[in-house]
Amino acid sequence: MGIVEDLERARAAFDRRDWATAYDRLSSAADLGAGDLLTLATAAYLVGDDDACVRSLQRAYRREVDDGNVLGAVRLAFWLALVLNTRGEVAIGLGWAARAERLLADQGDVVERGYLLVHDFYRRLDQGDFAGALRVGAEITEVARRFGEPDLLAQGLVCQGRMLMYSGRVPEGLAMLDEAMVGVAAGELSPIFAGNVYCAMIEGCQEVQDYSRAAAWTAALTRWCDTQPDLVPFTGQCAVHRGQILRLHGAYGEAVQEFDDACRRYASSGAQAAAGLALSERGDVHRILGDLAAAERSYDEAAGFGYDPQPGRALLLLARGRTSAAVAAVRRLLAETMGPVYRSRLLAPAVEVLVAGGAVDEAASAAEELAGIAAGFGCAGLRAAAAYSLALVALERGDPDQALPQAREALRLWSTLQAPYEIARTKVLIGRSFRLLEDEESALTELTSAWRSLGELGAVPTRQEVERLLHRDGAGGLTAREIEVLRLVAAGRSNAEIAQQLVLSDKTVARHLTNVFTKLDVPSRTAAAAYARDHDLL
């Protein structure tokens with residue numbers, strides 16, 4: 001078989017997405033031109049051989065320089081910078097981007113300038129120049145439209161859309177991502193750009209809890225990956241996103257398998273730092289199921305890869321009864337400067353922790369902030385979380401009339417998303433509201449339904465909490481913080497001493513005591529202490 005026939009077979013394999021065959025045939029071919037070397041580099045990247053990819057790009061670059069094809073050399077320098085930055089060799093990548101800029105100095109208005117703006121975008125993003133990054137994203141999009149360049153257009157729309165989202169303009173940003181996905185769905189994009197756009201789209205949806213969009217595009221990404229059996233990059237991200245959707249739907253065992261698979265895929269591709277998200281997500285599942293030791297191991301592994309597994313770690317502290325430490329953690333997180341997208345993921349867990357710690361006013365503030373963000377973003381998952389948080393705060397304040405409509409709205413939204421764990425937790429709030437309204441029969445109906453669902457899911461800790469509510473196990477309906485206060489009262493501590501030990505204000509301790517006296521129907525500290533002794537609460 002001749003050289004020409006070999007090349008034709010290699011190119012045909014590439015066109016049908018048989019990356020391994022294309023890579024093998026092109027690797028054994030001699031004296032490839034710049035175009036075939038770029039094809040070889042792409043195939044090498046897609047089968048996970050980054051070193052071969054870089055070597056092929058360097059050879060193609062040298063060929064274009066020798067042939068005097070400046071714009072071809074610029075394109076190859078762009079790809080070298082992109083691949084090197086992706087694999088963590090940022091300084092070398094910046095060097096290639098600078099070389100491309102120098103080559104373009106005298107080339108006039110050409111589309112290659114748009115490609116180099118991609119590197120400018122990421123430089124600005126790394127420097128925290130978000131306004132500048134947004135402006136550059138718009139420039140990329142404008143250049144792409146002017147020259148009719150599908151890859152560049154999709155990249156520009158992604159850059160612009162994500163920056164709009166981070167600035168709080170979520171519906172506008174999601175519309176940009178939707179437009180970028182049109183090119184992917186139509187098959188207009190080259191494989192690396194298509195994979196990048198898929199992952200950026202789904203990650204953006206997950207960040208703002210737009211689960212419907214995330215589920216639809218995760219299914220599409222899975223189909224796209226399945227048509228390319230030899231594909232290595234993007235498959236780890238795909239596994240993470242599948243795991244996130246499975247977790248939402250309560251398929252915890254399958255979700256853990258996907259997160260484990262993602263870690264293996266990241267390791268095989270050399271992108272181990274990206275495994276942090278998968279490990280953190282796996283820790284969240286273990287925490288929900290009550291395997292707190294496994295959750296801590298997963299969070300520790302995630303942190304080892306440079307990923308901060310919050311707010312999951314704060315919720316783990318709460319699950320272990322370390323309420324004060326959990327409260328301190330969420331207060332720190334809330335105090336840090338973050339944009340609305342990042343805060344939207346933190347606020348609902350923060351409300352849960354703050355309520356458990358008796359910091360009801362802080363919890364109310366966080367819930368109101370979340371409700372404002374959710375209204376602006378418009379995403380069902382976020383609106384459900386906000387309604388749940390508002391209901392939780394209202395219940396802690398003893399106001400079922402405010403809690404019930406919010407809990408019902410949360411239930412409606414979680415039901416549309418088919419999220420059984422969140423549905424069960426919301427039914428608990430509805431049951432507690434009915435109980436405060438003295439409708440005990442309806443309360444037991446809701447609590448029993450939640451208890452059964454949690455049992456089916458294997459969510460042991462939350463199910464145990466519901467069991468206590470169902471059996472009214474002698475705690476008199478007291479919250480965890482109120483029981484802490486009651487125990488210290490029974491130990492003879494003054495309000496000031498209790499406030500100092502629990503890191504609360506005197507006013508908050510007094511409010512907790514008032515709630516204790518009301519719930520237990522006792523007139524004094526002595527009577528409350530006697531109740532605690534009689535009901536084994538000490």
# chains A, B, ... in the order shown; residues from 1 in each chain; ligands from 1
$ residues_around --residues "Ser269 (chain A)" --least-positions-apart "6" --cutoff "12 Å" --atoms "only C-alpha atoms" --output "list of chain:residue names"
A:Ala44, A:Tyr45, A:Leu46, A:Val47, A:Gly48, A:Asp49, A:Asp50, A:Asp51, A:Thr86, A:Arg87, A:Leu231, A:Val232, A:Pro233, A:Phe234, A:Thr235, A:Gly236, A:Gln237, A:Ala262, A:Cys263, A:Ala275
$ write_last_selection --atoms "N, CA, C and O atoms" --output "short mmCIF file (atom, residue, chain, number, x, y, z; two decimals), in the first residue's frame"
data_model
loop_
_atom_site.label_atom_id
_atom_site.label_comp_id
_atom_site.auth_asym_id
_atom_site.auth_seq_id
_atom_site.Cartn_x
_atom_site.Cartn_y
_atom_site.Cartn_z
N ALA A 44 -3.87 12.54 18.69
CA ALA A 44 -3.07 12.21 19.88
C ALA A 44 -3.72 12.79 21.13
O ALA A 44 -3.80 12.12 22.17
N TYR A 45 -4.16 14.03 21.04
CA TYR A 45 -4.82 14.67 22.19
C TYR A 45 -6.08 13.89 22.59
O TYR A 45 -6.33 13.66 23.78
N LEU A 46 -6.86 13.48 21.60
CA LEU A 46 -8.14 12.84 21.89
C LEU A 46 -7.98 11.42 22.43
O LEU A 46 -8.88 10.91 23.09
N VAL A 47 -6.83 10.77 22.16
CA VAL A 47 -6.59 9.45 22.77
C VAL A 47 -5.77 9.57 24.05
O VAL A 47 -5.41 8.56 24.65
N GLY A 48 -5.48 10.80 24.47
CA GLY A 48 -4.84 11.02 25.76
C GLY A 48 -3.33 11.08 25.74
O GLY A 48 -2.70 11.08 26.80
N ASP A 49 -2.71 11.18 24.54
CA ASP A 49 -1.24 11.25 24.47
C ASP A 49 -0.84 12.71 24.24
O ASP A 49 -0.55 13.13 23.13
N ASP A 50 -0.82 13.47 25.33
CA ASP A 50 -0.52 14.90 25.22
C ASP A 50 0.89 15.17 24.74
O ASP A 50 1.13 16.15 24.01
N ASP A 51 1.83 14.32 25.14
CA ASP A 51 3.22 14.53 24.71
C ASP A 51 3.33 14.43 23.19
O ASP A 51 3.99 15.26 22.54
N THR A 86 -3.61 23.81 29.35
CA THR A 86 -4.54 22.81 29.88
C THR A 86 -3.82 21.77 30.74
O THR A 86 -4.35 21.33 31.76
N ARG A 87 -2.60 21.41 30.35
CA ARG A 87 -1.87 20.40 31.11
C ARG A 87 -1.02 21.02 32.23
O ARG A 87 -0.22 20.34 32.87
N LEU A 231 -11.95 7.94 22.97
CA LEU A 231 -11.83 9.29 23.53
C LEU A 231 -11.39 9.24 24.98
O LEU A 231 -11.92 8.46 25.77
N VAL A 232 -10.41 10.07 25.35
CA VAL A 232 -9.96 10.17 26.74
C VAL A 232 -10.36 11.50 27.37
O VAL A 232 -11.02 11.51 28.41
N PRO A 233 -9.99 12.66 26.81
CA PRO A 233 -10.43 13.92 27.42
C PRO A 233 -11.95 14.05 27.34
O PRO A 233 -12.60 13.45 26.48
N PHE A 234 -12.50 14.79 28.26
CA PHE A 234 -13.94 15.08 28.38
C PHE A 234 -14.73 13.93 29.00
O PHE A 234 -15.83 14.16 29.50
N THR A 235 -14.21 12.70 28.96
CA THR A 235 -14.98 11.60 29.53
C THR A 235 -15.03 11.66 31.05
O THR A 235 -16.01 11.23 31.66
N GLY A 236 -13.98 12.19 31.67
CA GLY A 236 -14.00 12.37 33.12
C GLY A 236 -15.07 13.37 33.53
O GLY A 236 -15.86 13.14 34.45
N GLN A 237 -15.11 14.52 32.82
CA GLN A 237 -16.14 15.52 33.10
C GLN A 237 -17.53 14.95 32.89
O GLN A 237 -18.46 15.22 33.65
N ALA A 262 -14.91 8.83 37.16
CA ALA A 262 -14.33 10.12 36.78
C ALA A 262 -12.91 10.24 37.30
O ALA A 262 -12.01 10.69 36.58
N CYS A 263 -12.68 9.83 38.54
CA CYS A 263 -11.33 9.92 39.12
C CYS A 263 -10.35 9.05 38.33
O CYS A 263 -9.22 9.45 38.09
N ALA A 275 -9.84 15.99 39.55
CA ALA A 275 -10.56 14.97 40.32
C ALA A 275 -11.14 15.53 41.61
O ALA A 275 -12.00 14.89 42.22
#
$ closest_residue --among "A:Ala375, A:Ala219, A:Ala386, A:Ala527" --to "Gly168 (chain A)" --atoms "only C-alpha atoms"
A:Ala375
$ residues_around --residues "Glu440 (chain A)" --least-positions-apart "5" --cutoff "12 Å" --atoms "only C-alpha atoms" --output "list in words"
Ile430, Gly431, Arg432, Ser433, Phe434, Arg435, Thr445, Glu446, Leu447, Thr448, Leu469, Leu470 and Arg472 of chain A
$ write_last_selection --atoms "N, CA and C atoms" --output "short mmCIF file (atom, residue, chain, number, x, y, z; two decimals), in the first residue's frame"
data_model
loop_
_atom_site.label_atom_id
_atom_site.label_comp_id
_atom_site.auth_asym_id
_atom_site.auth_seq_id
_atom_site.Cartn_x
_atom_site.Cartn_y
_atom_site.Cartn_z
N ILE A 430 -43.11 20.46 56.07
CA ILE A 430 -44.57 20.57 56.01
C ILE A 430 -45.19 19.88 57.22
N GLY A 431 -44.67 18.71 57.57
CA GLY A 431 -45.17 18.02 58.75
C GLY A 431 -44.97 18.81 60.02
N ARG A 432 -43.79 19.41 60.16
CA ARG A 432 -43.54 20.25 61.34
C ARG A 432 -44.47 21.45 61.38
N SER A 433 -44.77 22.00 60.22
CA SER A 433 -45.70 23.14 60.17
C SER A 433 -47.09 22.71 60.61
N PHE A 434 -47.55 21.57 60.12
CA PHE A 434 -48.86 21.06 60.54
C PHE A 434 -48.90 20.84 62.04
N ARG A 435 -47.81 20.33 62.59
CA ARG A 435 -47.78 20.06 64.04
C ARG A 435 -47.91 21.35 64.84
N THR A 445 -48.95 12.13 58.69
CA THR A 445 -49.00 11.66 57.30
C THR A 445 -47.78 12.11 56.52
N GLU A 446 -47.43 13.41 56.64
CA GLU A 446 -46.28 13.94 55.90
C GLU A 446 -44.97 13.35 56.42
N LEU A 447 -44.84 13.25 57.74
CA LEU A 447 -43.60 12.74 58.32
C LEU A 447 -43.40 11.27 57.99
N THR A 448 -44.50 10.50 57.99
CA THR A 448 -44.40 9.08 57.66
C THR A 448 -43.99 8.89 56.20
N LEU A 469 -39.05 12.78 65.30
CA LEU A 469 -40.26 13.61 65.18
C LEU A 469 -41.53 12.75 65.23
N LEU A 470 -41.46 11.58 64.63
CA LEU A 470 -42.64 10.70 64.63
C LEU A 470 -42.94 10.16 66.02
N ARG A 472 -41.90 11.43 68.86
CA ARG A 472 -41.91 12.47 69.92
C ARG A 472 -41.15 11.94 71.12
#
$ select_by_dssp --residues "region 441-518 of chain A" --states "helix (DSSP H, G or I)" --output "ChimeraX atom specification"
/A:441-457,460-471,480-490,495-502,506-518
$ atom_distance --atom1 "CA of Leu80 (chain A)" --atom2 "CA of Gly187 (chain A)"
24.1 Å
$ residues_around --residues "Leu7 (chain A)" --least-positions-apart "5" --cutoff "12 Å" --atoms "only C-alpha atoms" --output "number ranges by chain"
A: 1-2, 12-14, 21-33, 35-37, 39-40
$ atom_distance --atom1 "CA of Val65 (chain A)" --atom2 "CA of Arg17 (chain A)"
29.1 Å
$ residues_around --residues "Gly250 (chain A)" --least-positions-apart "5" --cutoff "7 Å" --atoms "only C-alpha atoms" --output "ChimeraX atom specification"
/A:419-421,457
$ write_last_selection --atoms "C-alpha atoms" --output "compact mmCIF listing (two decimals), in the first residue's frame"
# COMPACT_ATOMS: atom_id res chain seq x y z
CA ALA A 419 -35.36 14.97 43.50
CA PRO A 420 -36.58 12.39 46.09
CA TYR A 421 -34.19 13.31 48.91
CA LEU A 457 -32.92 6.10 49.63
$ closest_atom_pairs --of "region 369-426 of chain A" --to "region 347-359 of chain A" --cutoff "8 Å" --atoms "only C-alpha atoms" --output "Markdown table"
| residue | atom | partner | partner_atom | distance |
| --- | --- | --- | --- | --- |
| A:Glu369 | CA | A:Leu347 | CA | 7.9 |
| A:Leu370 | CA | A:Leu347 | CA | 6.1 |
| A:Ala385 | CA | A:Ala348 | CA | 6.2 |
| A:Ala386 | CA | A:Ala348 | CA | 6.8 |
| A:Ser389 | CA | A:Ala348 | CA | 6.1 |
| A:Leu392 | CA | A:Glu352 | CA | 7.8 |
| A:Val393 | CA | A:Val355 | CA | 6.9 |
| A:Glu396 | CA | A:Val355 | CA | 7.1 |
$ closest_atom_pairs --of "region 139-200 of chain A" --to "region 324-346 of chain A" --cutoff "9 Å" --atoms "only C-alpha atoms" --output "Markdown table"
| residue | atom | partner | partner_atom | distance |
| --- | --- | --- | --- | --- |
| A:Met165 | CA | A:Val341 | CA | 7.1 |
| A:Tyr166 | CA | A:Val341 | CA | 5.7 |
| A:Ser167 | CA | A:Gly339 | CA | 6.8 |
| A:Gly168 | CA | A:Pro340 | CA | 5.8 |
| A:Val170 | CA | A:Val341 | CA | 8.6 |
$ write_last_selection --atoms "N, CA, C and O atoms" --output "PDB file, in the first residue's frame"
ATOM      1  N   MET A 165     -22.826  35.229  33.613  1.00  0.00           N
ATOM      2  CA  MET A 165     -23.377  34.486  34.748  1.00  0.00           C
ATOM      3  C   MET A 165     -22.696  34.888  36.046  1.00  0.00           C
ATOM      4  O   MET A 165     -23.356  35.128  37.061  1.00  0.00           O
ATOM      5  N   TYR A 166     -21.351  34.966  36.019  1.00  0.00           N
ATOM      6  CA  TYR A 166     -20.626  35.301  37.246  1.00  0.00           C
ATOM      7  C   TYR A 166     -20.904  36.732  37.705  1.00  0.00           C
ATOM      8  O   TYR A 166     -20.724  37.051  38.882  1.00  0.00           O
ATOM      9  N   SER A 167     -21.335  37.590  36.779  1.00  0.00           N
ATOM     10  CA  SER A 167     -21.689  38.959  37.165  1.00  0.00           C
ATOM     11  C   SER A 167     -23.137  39.057  37.628  1.00  0.00           C
ATOM     12  O   SER A 167     -23.608  40.143  37.968  1.00  0.00           O
ATOM     13  N   GLY A 168     -23.863  37.912  37.649  1.00  0.00           N
ATOM     14  CA  GLY A 168     -25.238  37.897  38.134  1.00  0.00           C
ATOM     15  C   GLY A 168     -26.277  37.931  37.039  1.00  0.00           C
ATOM     16  O   GLY A 168     -27.469  37.795  37.314  1.00  0.00           O
ATOM     17  N   VAL A 170     -27.570  35.865  34.935  1.00  0.00           N
ATOM     18  CA  VAL A 170     -27.612  34.437  34.626  1.00  0.00           C
ATOM     19  C   VAL A 170     -28.487  34.106  33.423  1.00  0.00           C
ATOM     20  O   VAL A 170     -28.054  33.360  32.530  1.00  0.00           O
TER      21      VAL A 170
END
